[in-house]
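Participant: entry16.cif is the file, holding mmCIF, N, CA and C atoms:
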data_target
#
loop_
_atom_site.label_atom_id
_atom_site.label_comp_id
_atom_site.auth_asym_id
_atom_site.auth_seq_id
_atom_site.Cartn_x
_atom_site.Cartn_y
_atom_site.Cartn_z
N MET P 1 47.55 70.33 95.85
CA MET P 1 46.83 70.50 97.09
C MET P 1 47.84 70.69 98.21
N LYS P 2 47.51 71.59 99.13
CA LYS P 2 48.36 71.83 100.30
C LYS P 2 47.80 71.05 101.49
N PHE P 3 48.71 70.60 102.37
CA PHE P 3 48.33 69.85 103.56
C PHE P 3 48.72 70.64 104.80
N LEU P 4 47.83 70.65 105.77
CA LEU P 4 48.09 71.31 107.04
C LEU P 4 47.71 70.34 108.15
N TYR P 5 48.59 70.22 109.12
CA TYR P 5 48.35 69.33 110.26
C TYR P 5 48.19 70.18 111.51
N HIS P 6 47.10 69.96 112.24
CA HIS P 6 46.95 70.63 113.53
C HIS P 6 48.13 70.22 114.40
N PRO P 7 48.65 71.13 115.23
CA PRO P 7 49.81 70.78 116.07
C PRO P 7 49.59 69.57 116.97
N ASP P 8 48.35 69.29 117.33
CA ASP P 8 48.06 68.14 118.20
C ASP P 8 47.85 66.84 117.43
N PHE P 9 47.77 66.93 116.10
CA PHE P 9 47.53 65.73 115.30
C PHE P 9 48.61 64.66 115.51
N PRO P 10 49.90 65.01 115.39
CA PRO P 10 50.92 63.97 115.62
C PRO P 10 50.93 63.47 117.06
N LYS P 11 50.55 64.34 118.00
CA LYS P 11 50.49 63.93 119.41
C LYS P 11 49.40 62.88 119.62
N ASP P 12 48.29 63.02 118.89
CA ASP P 12 47.23 62.01 118.96
C ASP P 12 47.78 60.65 118.55
N ILE P 13 48.46 60.65 117.40
CA ILE P 13 49.00 59.39 116.88
C ILE P 13 49.98 58.77 117.87
N LEU P 14 50.88 59.59 118.39
CA LEU P 14 51.88 59.08 119.35
C LEU P 14 51.23 58.53 120.61
N ARG P 15 50.24 59.25 121.12
CA ARG P 15 49.58 58.82 122.37
C ARG P 15 48.92 57.45 122.20
N PHE P 16 48.16 57.29 121.13
CA PHE P 16 47.46 56.02 120.93
C PHE P 16 48.43 54.91 120.53
N ALA P 17 49.45 55.24 119.76
CA ALA P 17 50.46 54.24 119.39
C ALA P 17 51.20 53.74 120.64
N GLU P 18 51.49 54.64 121.55
CA GLU P 18 52.17 54.24 122.79
C GLU P 18 51.30 53.30 123.62
N GLN P 19 50.00 53.55 123.63
CA GLN P 19 49.09 52.67 124.37
C GLN P 19 49.13 51.26 123.78
N TYR P 20 49.13 51.15 122.46
CA TYR P 20 49.24 49.84 121.84
C TYR P 20 50.64 49.26 122.03
N GLY P 21 51.65 50.11 122.04
CA GLY P 21 53.02 49.65 122.25
C GLY P 21 53.23 49.04 123.61
N ALA P 22 52.47 49.51 124.59
CA ALA P 22 52.56 48.93 125.94
C ALA P 22 52.05 47.49 125.95
N ILE P 23 51.23 47.16 124.99
CA ILE P 23 50.72 45.80 124.87
C ILE P 23 51.66 44.95 124.01
N SER P 24 52.04 45.51 122.85
CA SER P 24 52.88 44.76 121.91
C SER P 24 53.47 45.73 120.89
N GLN P 25 54.76 45.55 120.58
CA GLN P 25 55.40 46.39 119.56
C GLN P 25 54.78 46.15 118.19
N LYS P 26 54.39 44.91 117.92
CA LYS P 26 53.75 44.60 116.63
C LYS P 26 52.39 45.29 116.51
N LEU P 27 51.67 45.34 117.63
CA LEU P 27 50.38 46.02 117.63
C LEU P 27 50.56 47.52 117.39
N GLU P 28 51.57 48.09 118.00
CA GLU P 28 51.87 49.51 117.78
C GLU P 28 52.20 49.76 116.30
N ALA P 29 53.02 48.90 115.73
CA ALA P 29 53.39 49.04 114.32
C ALA P 29 52.17 48.91 113.41
N ARG P 30 51.27 47.99 113.74
CA ARG P 30 50.04 47.83 112.95
C ARG P 30 49.16 49.08 113.03
N PHE P 31 49.07 49.67 114.23
CA PHE P 31 48.29 50.89 114.40
C PHE P 31 48.87 52.02 113.55
N ARG P 32 50.19 52.21 113.65
CA ARG P 32 50.83 53.27 112.86
C ARG P 32 50.65 53.04 111.37
N SER P 33 50.74 51.80 110.95
CA SER P 33 50.55 51.47 109.54
C SER P 33 49.12 51.77 109.10
N ASP P 34 48.16 51.48 109.95
CA ASP P 34 46.75 51.75 109.65
C ASP P 34 46.52 53.25 109.51
N VAL P 35 47.13 54.05 110.40
CA VAL P 35 47.01 55.51 110.31
C VAL P 35 47.67 55.99 109.02
N ASP P 36 48.87 55.51 108.73
CA ASP P 36 49.57 55.91 107.50
C ASP P 36 48.73 55.59 106.26
N ASP P 37 48.14 54.42 106.24
CA ASP P 37 47.30 54.02 105.11
C ASP P 37 46.11 54.96 104.96
N ALA P 38 45.48 55.32 106.07
CA ALA P 38 44.34 56.25 106.02
C ALA P 38 44.78 57.61 105.47
N LEU P 39 45.94 58.09 105.89
CA LEU P 39 46.42 59.39 105.42
C LEU P 39 46.72 59.35 103.92
N ILE P 40 47.32 58.27 103.46
CA ILE P 40 47.61 58.12 102.03
C ILE P 40 46.31 58.13 101.23
N ARG P 41 45.31 57.40 101.71
CA ARG P 41 44.03 57.34 100.99
C ARG P 41 43.33 58.70 101.00
N ILE P 42 43.38 59.39 102.13
CA ILE P 42 42.75 60.71 102.21
C ILE P 42 43.43 61.67 101.24
N LYS P 43 44.75 61.68 101.24
CA LYS P 43 45.49 62.59 100.36
C LYS P 43 45.23 62.29 98.89
N SER P 44 45.05 61.03 98.56
CA SER P 44 44.87 60.67 97.15
C SER P 44 43.45 60.98 96.65
N ALA P 45 42.47 60.94 97.53
CA ALA P 45 41.08 61.18 97.10
C ALA P 45 40.27 61.74 98.28
N PRO P 46 40.55 62.96 98.70
CA PRO P 46 39.91 63.49 99.91
C PRO P 46 38.39 63.60 99.87
N THR P 47 37.82 63.72 98.68
CA THR P 47 36.36 63.86 98.62
C THR P 47 35.62 62.54 98.55
N SER P 48 36.35 61.44 98.37
CA SER P 48 35.64 60.17 98.20
C SER P 48 36.00 59.09 99.21
N VAL P 49 36.94 59.32 100.11
CA VAL P 49 37.33 58.26 101.03
C VAL P 49 36.77 58.43 102.44
N GLY P 50 36.22 59.59 102.75
CA GLY P 50 35.71 59.83 104.09
C GLY P 50 34.22 60.07 104.09
N HIS P 51 33.66 60.02 105.28
CA HIS P 51 32.23 60.29 105.48
C HIS P 51 32.07 61.72 105.96
N PHE P 52 31.00 62.39 105.52
CA PHE P 52 30.70 63.71 106.06
C PHE P 52 30.45 63.59 107.55
N LEU P 53 30.74 64.65 108.27
CA LEU P 53 30.49 64.66 109.70
C LEU P 53 29.02 64.98 109.94
N ASN P 54 28.33 64.07 110.60
CA ASN P 54 26.91 64.23 110.89
C ASN P 54 26.76 64.61 112.36
N THR P 55 26.22 65.81 112.61
CA THR P 55 26.08 66.30 113.98
C THR P 55 24.80 65.82 114.64
N GLY P 56 23.96 65.14 113.89
CA GLY P 56 22.66 64.74 114.42
C GLY P 56 21.56 65.66 113.92
N SER P 57 21.87 66.96 113.83
CA SER P 57 20.88 67.90 113.32
C SER P 57 21.28 68.48 111.97
N THR P 58 22.54 68.34 111.62
CA THR P 58 23.02 68.83 110.33
C THR P 58 24.23 68.01 109.89
N VAL P 59 24.53 68.09 108.62
CA VAL P 59 25.71 67.42 108.08
C VAL P 59 26.73 68.50 107.72
N VAL P 60 27.93 68.37 108.28
CA VAL P 60 29.01 69.32 108.02
C VAL P 60 29.80 68.77 106.82
N THR P 61 29.66 69.43 105.67
CA THR P 61 30.25 68.88 104.45
C THR P 61 31.72 69.20 104.26
N ASP P 62 32.26 70.17 105.00
CA ASP P 62 33.68 70.46 104.83
C ASP P 62 34.56 69.77 105.87
N VAL P 63 33.95 68.96 106.74
CA VAL P 63 34.71 68.15 107.70
C VAL P 63 34.27 66.70 107.50
N ARG P 64 35.26 65.83 107.40
CA ARG P 64 34.98 64.42 107.14
C ARG P 64 35.74 63.54 108.12
N ARG P 65 35.33 62.28 108.15
CA ARG P 65 36.02 61.30 108.98
C ARG P 65 36.36 60.09 108.13
N ARG P 66 37.55 59.57 108.35
CA ARG P 66 37.98 58.34 107.69
C ARG P 66 38.26 57.32 108.78
N ASN P 67 37.46 56.25 108.81
CA ASN P 67 37.66 55.21 109.81
C ASN P 67 38.94 54.43 109.51
N LEU P 68 39.68 54.06 110.55
CA LEU P 68 40.80 53.16 110.36
C LEU P 68 40.23 51.78 110.08
N SER P 69 40.96 50.97 109.32
CA SER P 69 40.41 49.68 108.94
C SER P 69 40.45 48.64 110.03
N SER P 70 41.44 48.69 110.92
CA SER P 70 41.59 47.62 111.91
C SER P 70 41.51 48.07 113.35
N PHE P 71 41.36 49.35 113.59
CA PHE P 71 41.34 49.87 114.95
C PHE P 71 40.13 50.79 115.12
N PRO P 72 39.62 50.90 116.35
CA PRO P 72 38.41 51.70 116.59
C PRO P 72 38.71 53.21 116.72
N TYR P 73 39.30 53.76 115.66
CA TYR P 73 39.66 55.18 115.60
C TYR P 73 39.30 55.70 114.23
N PHE P 74 39.26 57.03 114.11
CA PHE P 74 39.10 57.64 112.80
C PHE P 74 39.92 58.91 112.72
N VAL P 75 40.23 59.30 111.50
CA VAL P 75 40.94 60.56 111.23
C VAL P 75 39.89 61.60 110.87
N LEU P 76 39.90 62.71 111.59
CA LEU P 76 39.00 63.81 111.31
C LEU P 76 39.78 64.83 110.48
N TYR P 77 39.25 65.16 109.30
CA TYR P 77 39.95 66.09 108.42
C TYR P 77 38.99 67.06 107.76
N GLY P 78 39.52 68.19 107.37
CA GLY P 78 38.73 69.20 106.70
C GLY P 78 39.25 69.46 105.31
N LEU P 79 38.35 69.81 104.42
CA LEU P 79 38.72 70.09 103.03
C LEU P 79 38.14 71.45 102.66
N HIS P 80 39.03 72.37 102.30
CA HIS P 80 38.63 73.72 101.93
C HIS P 80 39.35 74.07 100.63
N SER P 81 38.65 74.01 99.52
CA SER P 81 39.19 74.20 98.17
C SER P 81 40.46 73.39 97.98
N ASP P 82 41.65 74.02 97.97
CA ASP P 82 42.89 73.27 97.73
C ASP P 82 43.69 73.03 99.01
N LEU P 83 43.04 73.13 100.18
CA LEU P 83 43.70 72.92 101.47
C LEU P 83 43.06 71.74 102.19
N LEU P 84 43.90 70.78 102.56
CA LEU P 84 43.46 69.61 103.31
C LEU P 84 44.03 69.73 104.72
N ILE P 85 43.15 69.79 105.72
CA ILE P 85 43.57 69.99 107.12
C ILE P 85 43.31 68.71 107.90
N PHE P 86 44.38 68.15 108.47
CA PHE P 86 44.26 66.98 109.32
C PHE P 86 44.13 67.48 110.76
N GLY P 87 42.96 67.21 111.36
CA GLY P 87 42.67 67.78 112.67
C GLY P 87 42.93 66.88 113.84
N ALA P 88 42.57 65.58 113.74
CA ALA P 88 42.67 64.72 114.92
C ALA P 88 42.58 63.25 114.53
N VAL P 89 43.15 62.42 115.38
CA VAL P 89 42.88 60.99 115.37
C VAL P 89 42.06 60.75 116.62
N ILE P 90 40.87 60.19 116.44
CA ILE P 90 39.88 60.13 117.52
C ILE P 90 39.40 58.71 117.75
N PRO P 91 39.26 58.30 119.01
CA PRO P 91 38.61 57.02 119.27
C PRO P 91 37.17 57.06 118.75
N SER P 92 36.73 55.99 118.15
CA SER P 92 35.39 55.95 117.55
C SER P 92 34.28 56.23 118.55
N ALA P 93 34.51 55.92 119.82
CA ALA P 93 33.50 56.15 120.84
C ALA P 93 33.37 57.63 121.23
N SER P 94 34.30 58.47 120.79
CA SER P 94 34.26 59.90 121.12
C SER P 94 33.24 60.63 120.26
N ASP P 95 32.79 61.76 120.76
CA ASP P 95 31.91 62.63 120.00
C ASP P 95 32.78 63.55 119.14
N PRO P 96 32.74 63.42 117.82
CA PRO P 96 33.60 64.25 116.97
C PRO P 96 33.33 65.74 117.08
N LEU P 97 32.15 66.11 117.55
CA LEU P 97 31.84 67.53 117.69
C LEU P 97 32.76 68.22 118.69
N THR P 98 33.23 67.48 119.70
CA THR P 98 34.12 68.08 120.69
C THR P 98 35.49 68.38 120.09
N TRP P 99 35.80 67.80 118.95
CA TRP P 99 37.09 67.99 118.31
C TRP P 99 37.05 69.06 117.21
N LEU P 100 35.88 69.56 116.89
CA LEU P 100 35.76 70.55 115.81
C LEU P 100 36.50 71.84 116.11
N VAL P 101 36.76 72.13 117.36
CA VAL P 101 37.48 73.35 117.73
C VAL P 101 38.87 73.38 117.07
N ARG P 102 39.42 72.22 116.78
CA ARG P 102 40.74 72.21 116.13
C ARG P 102 40.69 72.82 114.72
N PHE P 103 39.52 72.82 114.10
CA PHE P 103 39.42 73.40 112.76
C PHE P 103 39.25 74.90 112.81
N SER P 104 38.85 75.45 113.94
CA SER P 104 38.77 76.91 114.06
C SER P 104 40.14 77.48 114.37
N ASN P 105 41.07 76.63 114.85
CA ASN P 105 42.44 77.05 115.13
C ASN P 105 43.38 75.93 114.69
N PRO P 106 43.58 75.76 113.35
CA PRO P 106 44.34 74.60 112.87
C PRO P 106 45.84 74.68 113.11
N GLY P 107 46.34 75.74 113.66
CA GLY P 107 47.77 75.77 113.94
C GLY P 107 48.44 76.85 113.31
#
With the file now loaded, output its structure as structure tokens.

Facilitator:
Amino acid sequence: MKFLYHPDFPKDILRFAEQYGAISQKLEARFRSDVDDALIRIKSAPTSVGHFLNTGSTVVTDVRRRNLSSFPYFVLYGLHSDLLIFGAVIPSASDPLTWLVRFSNPG
């Protein structure tokens, strides 16, 4: 399987990690570890570790979300045959539909 990261994907991680780092270096490290764990799980079983994206009126089956275990964020990723696209790290309170544009231009 091939992996593709949207150019803004690492920027998302850095931005949120820095916010936690301003509070505590340990908290920042825990956040980064939680993201890393989510990525490992997604890569190992992309069809079974995430939830389909539900728009309210339809379910988008080629875009999924994987919630972080300890932080109120999720990884939004797409799966297209043998290509896994990591699109964004998003606060859980955000509307994932606003982030779908990253999948029309993954980088």

Participant: Got a sec to check which residues sit within 8 Å of (36.8, 58.6, 110.6), counting only N, CA and C atoms, and write them as a PyMOL selection string?

Facilitator: chain P and resi 50-51+64-68+73-77+90+92

Participant: Step one, run DSSP on the backbone; step two, keep only residues of range 34-77 of chain P assigned to helix (DSSP H, G or I); then write them as an MDAnalysis selection string.

Facilitator: chainID P and resid 34:44

Participant: Smallest atom-to-atom distance to Gly87 in chain P: which of P:Leu14, P:Phe103, P:Thr58, P:Pro72, using only C-alpha atoms?

Facilitator: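 That would be P:Phe103, the residue with the smallest distance to Gly87 in chain P.
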
Participant: Once the PyMOL selection byres (((chain P and resi 55 and name CA) around 12) and name CA) has been evaluated on this model, what residues remain selected, and can you format them as a VMD selection string?

Facilitator: chain P and resid 52 to 54 56 to 61 63 to 64 95 to 100

Participant: For CA of Arg32 in chain P and atom N of Leu79 in chain P, quote the distance in Å rounded to one decimal.

Facilitator: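 About the pair CA of Arg32 in chain P and atom N of Leu79 in chain P: they are 22.4 Å apart.
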
Participant: As number ranges by chain, please: every residue in range 13-94 of chain P that DSSP puts in strand (DSSP E).

Facilitator: P: 51-54, 59-67, 73-80, 83-91

Participant: Store the residues of this selection in a file with N, CA and C atoms, as a PDB file, in the coordinates of the input.

Facilitator:
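Written out: selection27.pdb:
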ATOM      1  N   HIS P  51      33.660  60.020 105.280  1.00  0.00           N
ATOM      2  CA  HIS P  51      32.230  60.290 105.480  1.00  0.00           C
ATOM      3  C   HIS P  51      32.070  61.720 105.960  1.00  0.00           C
ATOM      4  N   PHE P  52      31.000  62.390 105.520  1.00  0.00           N
ATOM      5  CA  PHE P  52      30.700  63.710 106.060  1.00  0.00           C
ATOM      6  C   PHE P  52      30.450  63.590 107.550  1.00  0.00           C
ATOM      7  N   LEU P  53      30.740  64.650 108.270  1.00  0.00           N
ATOM      8  CA  LEU P  53      30.490  64.660 109.700  1.00  0.00           C
ATOM      9  C   LEU P  53      29.020  64.980 109.940  1.00  0.00           C
ATOM     10  N   ASN P  54      28.330  64.070 110.600  1.00  0.00           N
ATOM     11  CA  ASN P  54      26.910  64.230 110.890  1.00  0.00           C
ATOM     12  C   ASN P  54      26.760  64.610 112.360  1.00  0.00           C
ATOM     13  N   VAL P  59      24.530  68.090 108.620  1.00  0.00           N
ATOM     14  CA  VAL P  59      25.710  67.420 108.080  1.00  0.00           C
ATOM     15  C   VAL P  59      26.730  68.500 107.720  1.00  0.00           C
ATOM     16  N   VAL P  60      27.930  68.370 108.280  1.00  0.00           N
ATOM     17  CA  VAL P  60      29.010  69.320 108.020  1.00  0.00           C
ATOM     18  C   VAL P  60      29.800  68.770 106.820  1.00  0.00           C
ATOM     19  N   THR P  61      29.660  69.430 105.670  1.00  0.00           N
ATOM     20  CA  THR P  61      30.250  68.880 104.450  1.00  0.00           C
ATOM     21  C   THR P  61      31.720  69.200 104.260  1.00  0.00           C
ATOM     22  N   ASP P  62      32.260  70.170 105.000  1.00  0.00           N
ATOM     23  CA  ASP P  62      33.680  70.460 104.830  1.00  0.00           C
ATOM     24  C   ASP P  62      34.560  69.770 105.870  1.00  0.00           C
ATOM     25  N   VAL P  63      33.950  68.960 106.740  1.00  0.00           N
ATOM     26  CA  VAL P  63      34.710  68.150 107.700  1.00  0.00           C
ATOM     27  C   VAL P  63      34.270  66.700 107.500  1.00  0.00           C
ATOM     28  N   ARG P  64      35.260  65.830 107.400  1.00  0.00           N
ATOM     29  CA  ARG P  64      34.980  64.420 107.140  1.00  0.00           C
ATOM     30  C   ARG P  64      35.740  63.540 108.120  1.00  0.00           C
ATOM     31  N   ARG P  65      35.330  62.280 108.150  1.00  0.00           N
ATOM     32  CA  ARG P  65      36.020  61.300 108.980  1.00  0.00           C
ATOM     33  C   ARG P  65      36.360  60.090 108.130  1.00  0.00           C
ATOM     34  N   ARG P  66      37.550  59.570 108.350  1.00  0.00           N
ATOM     35  CA  ARG P  66      37.980  58.340 107.690  1.00  0.00           C
ATOM     36  C   ARG P  66      38.260  57.320 108.780  1.00  0.00           C
ATOM     37  N   ASN P  67      37.460  56.250 108.810  1.00  0.00           N
ATOM     38  CA  ASN P  67      37.660  55.210 109.810  1.00  0.00           C
ATOM     39  C   ASN P  67      38.940  54.430 109.510  1.00  0.00           C
ATOM     40  N   TYR P  73      39.300  53.760 115.660  1.00  0.00           N
ATOM     41  CA  TYR P  73      39.660  55.180 115.600  1.00  0.00           C
ATOM     42  C   TYR P  73      39.300  55.700 114.230  1.00  0.00           C
ATOM     43  N   PHE P  74      39.260  57.030 114.110  1.00  0.00           N
ATOM     44  CA  PHE P  74      39.100  57.640 112.800  1.00  0.00           C
ATOM     45  C   PHE P  74      39.920  58.910 112.720  1.00  0.00           C
ATOM     46  N   VAL P  75      40.230  59.300 111.500  1.00  0.00           N
ATOM     47  CA  VAL P  75      40.940  60.560 111.230  1.00  0.00           C
ATOM     48  C   VAL P  75      39.890  61.600 110.870  1.00  0.00           C
ATOM     49  N   LEU P  76      39.900  62.710 111.590  1.00  0.00           N
ATOM     50  CA  LEU P  76      39.000  63.810 111.310  1.00  0.00           C
ATOM     51  C   LEU P  76      39.780  64.830 110.480  1.00  0.00           C
ATOM     52  N   TYR P  77      39.250  65.160 109.300  1.00  0.00           N
ATOM     53  CA  TYR P  77      39.950  66.090 108.420  1.00  0.00           C
ATOM     54  C   TYR P  77      38.990  67.060 107.760  1.00  0.00           C
ATOM     55  N   GLY P  78      39.520  68.190 107.370  1.00  0.00           N
ATOM     56  CA  GLY P  78      38.730  69.200 106.700  1.00  0.00           C
ATOM     57  C   GLY P  78      39.250  69.460 105.310  1.00  0.00           C
ATOM     58  N   LEU P  79      38.350  69.810 104.420  1.00  0.00           N
ATOM     59  CA  LEU P  79      38.720  70.090 103.030  1.00  0.00           C
ATOM     60  C   LEU P  79      38.140  71.450 102.660  1.00  0.00           C
ATOM     61  N   HIS P  80      39.030  72.370 102.300  1.00  0.00           N
ATOM     62  CA  HIS P  80      38.630  73.720 101.930  1.00  0.00           C
ATOM     63  C   HIS P  80      39.350  74.070 100.630  1.00  0.00           C
ATOM     64  N   LEU P  83      43.040  73.130 100.180  1.00  0.00           N
ATOM     65  CA  LEU P  83      43.700  72.920 101.470  1.00  0.00           C
ATOM     66  C   LEU P  83      43.060  71.740 102.190  1.00  0.00           C
ATOM     67  N   LEU P  84      43.900  70.780 102.560  1.00  0.00           N
ATOM     68  CA  LEU P  84      43.460  69.610 103.310  1.00  0.00           C
ATOM     69  C   LEU P  84      44.030  69.730 104.720  1.00  0.00           C
ATOM     70  N   ILE P  85      43.150  69.790 105.720  1.00  0.00           N
ATOM     71  CA  ILE P  85      43.570  69.990 107.120  1.00  0.00           C
ATOM     72  C   ILE P  85      43.310  68.710 107.900  1.00  0.00           C
ATOM     73  N   PHE P  86      44.380  68.150 108.470  1.00  0.00           N
ATOM     74  CA  PHE P  86      44.260  66.980 109.320  1.00  0.00           C
ATOM     75  C   PHE P  86      44.130  67.480 110.760  1.00  0.00           C
ATOM     76  N   GLY P  87      42.960  67.210 111.360  1.00  0.00           N
ATOM     77  CA  GLY P  87      42.670  67.780 112.670  1.00  0.00           C
ATOM     78  C   GLY P  87      42.930  66.880 113.840  1.00  0.00           C
ATOM     79  N   ALA P  88      42.570  65.580 113.740  1.00  0.00           N
ATOM     80  CA  ALA P  88      42.670  64.720 114.920  1.00  0.00           C
ATOM     81  C   ALA P  88      42.580  63.250 114.530  1.00  0.00           C
ATOM     82  N   VAL P  89      43.150  62.420 115.380  1.00  0.00           N
ATOM     83  CA  VAL P  89      42.880  60.990 115.370  1.00  0.00           C
ATOM     84  C   VAL P  89      42.060  60.750 116.620  1.00  0.00           C
ATOM     85  N   ILE P  90      40.870  60.190 116.440  1.00  0.00           N
ATOM     86  CA  ILE P  90      39.880  60.130 117.520  1.00  0.00           C
ATOM     87  C   ILE P  90      39.400  58.710 117.750  1.00  0.00           C
ATOM     88  N   PRO P  91      39.260  58.300 119.010  1.00  0.00           N
ATOM     89  CA  PRO P  91      38.610  57.020 119.270  1.00  0.00           C
ATOM     90  C   PRO P  91      37.170  57.060 118.750  1.00  0.00           C
TER      91      PRO P  91
END

Participant: Mind pulling up the distance from atom N of Val49 in chain P to atom C of Ala17 in chain P?

Facilitator: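 One can read the atom C of Ala17 in chain P to atom N of Val49 in chain P distance as 25.6 Å.
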
Participant: Find the residue from P:Phe86, P:Gly21, P:Ser94, P:Arg30 that sits nearest to Asp8 in chain P; use only C-alpha atoms when measuring.

Facilitator: P:Phe86

Participant: Counting only C-alpha atoms, which of P:Ser69, P:Arg102, P:His6, P:Ile85 gets nearest to Ala38 in chain P?

Facilitator: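 For Ala38 in chain P, the nearest of the given residues is P:Ser69.
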
Participant: For the provided coordinates, the residues matched by the PyMOL selection byres ((chain P and resi 83) around 6.5) should be stated as a PDB file with N, CA and C atoms, keeping the file's coordinate frame.

Facilitator:
ATOM      1  N   MET P   1      47.550  70.330  95.850  1.00  0.00           N
ATOM      2  CA  MET P   1      46.830  70.500  97.090  1.00  0.00           C
ATOM      3  C   MET P   1      47.840  70.690  98.210  1.00  0.00           C
ATOM      4  N   LYS P   2      47.510  71.590  99.130  1.00  0.00           N
ATOM      5  CA  LYS P   2      48.360  71.830 100.300  1.00  0.00           C
ATOM      6  C   LYS P   2      47.800  71.050 101.490  1.00  0.00           C
ATOM      7  N   PHE P   3      48.710  70.600 102.370  1.00  0.00           N
ATOM      8  CA  PHE P   3      48.330  69.850 103.560  1.00  0.00           C
ATOM      9  C   PHE P   3      48.720  70.640 104.800  1.00  0.00           C
ATOM     10  N   LEU P   4      47.830  70.650 105.770  1.00  0.00           N
ATOM     11  CA  LEU P   4      48.090  71.310 107.040  1.00  0.00           C
ATOM     12  C   LEU P   4      47.710  70.340 108.150  1.00  0.00           C
ATOM     13  N   GLY P  78      39.520  68.190 107.370  1.00  0.00           N
ATOM     14  CA  GLY P  78      38.730  69.200 106.700  1.00  0.00           C
ATOM     15  C   GLY P  78      39.250  69.460 105.310  1.00  0.00           C
ATOM     16  N   LEU P  79      38.350  69.810 104.420  1.00  0.00           N
ATOM     17  CA  LEU P  79      38.720  70.090 103.030  1.00  0.00           C
ATOM     18  C   LEU P  79      38.140  71.450 102.660  1.00  0.00           C
ATOM     19  N   HIS P  80      39.030  72.370 102.300  1.00  0.00           N
ATOM     20  CA  HIS P  80      38.630  73.720 101.930  1.00  0.00           C
ATOM     21  C   HIS P  80      39.350  74.070 100.630  1.00  0.00           C
ATOM     22  N   SER P  81      38.650  74.010  99.520  1.00  0.00           N
ATOM     23  CA  SER P  81      39.190  74.200  98.170  1.00  0.00           C
ATOM     24  C   SER P  81      40.460  73.390  97.980  1.00  0.00           C
ATOM     25  N   ASP P  82      41.650  74.020  97.970  1.00  0.00           N
ATOM     26  CA  ASP P  82      42.890  73.270  97.730  1.00  0.00           C
ATOM     27  C   ASP P  82      43.690  73.030  99.010  1.00  0.00           C
ATOM     28  N   LEU P  84      43.900  70.780 102.560  1.00  0.00           N
ATOM     29  CA  LEU P  84      43.460  69.610 103.310  1.00  0.00           C
ATOM     30  C   LEU P  84      44.030  69.730 104.720  1.00  0.00           C
ATOM     31  N   ILE P  85      43.150  69.790 105.720  1.00  0.00           N
ATOM     32  CA  ILE P  85      43.570  69.990 107.120  1.00  0.00           C
ATOM     33  C   ILE P  85      43.310  68.710 107.900  1.00  0.00           C
TER      34      ILE P  85
END

Participant: Kindly list the centre and edge lengths in Å, rounded to one decimal, for the axis-aligned box that covers all listed atoms of range 1-18 of chain P plus 5 Å on each of its six sides, as JSON.

Facilitator:
{"center_x": 49.5, "center_y": 62.6, "center_z": 109.7, "size_x": 15.3, "size_y": 28.5, "size_z": 37.8}

Participant: Suppose you want the space between CA of Ala45 in chain P and atom C of Phe16 in chain P; what is it in Å?

Facilitator: 25.3 Å

Participant: Calculated over only N, CA and C atoms, which of the candidates P:Leu39, P:Pro46, P:Val89, P:Ser24 has the smallest distance to Lys11 in chain P?

Facilitator: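 Closest candidate: P:Val89.
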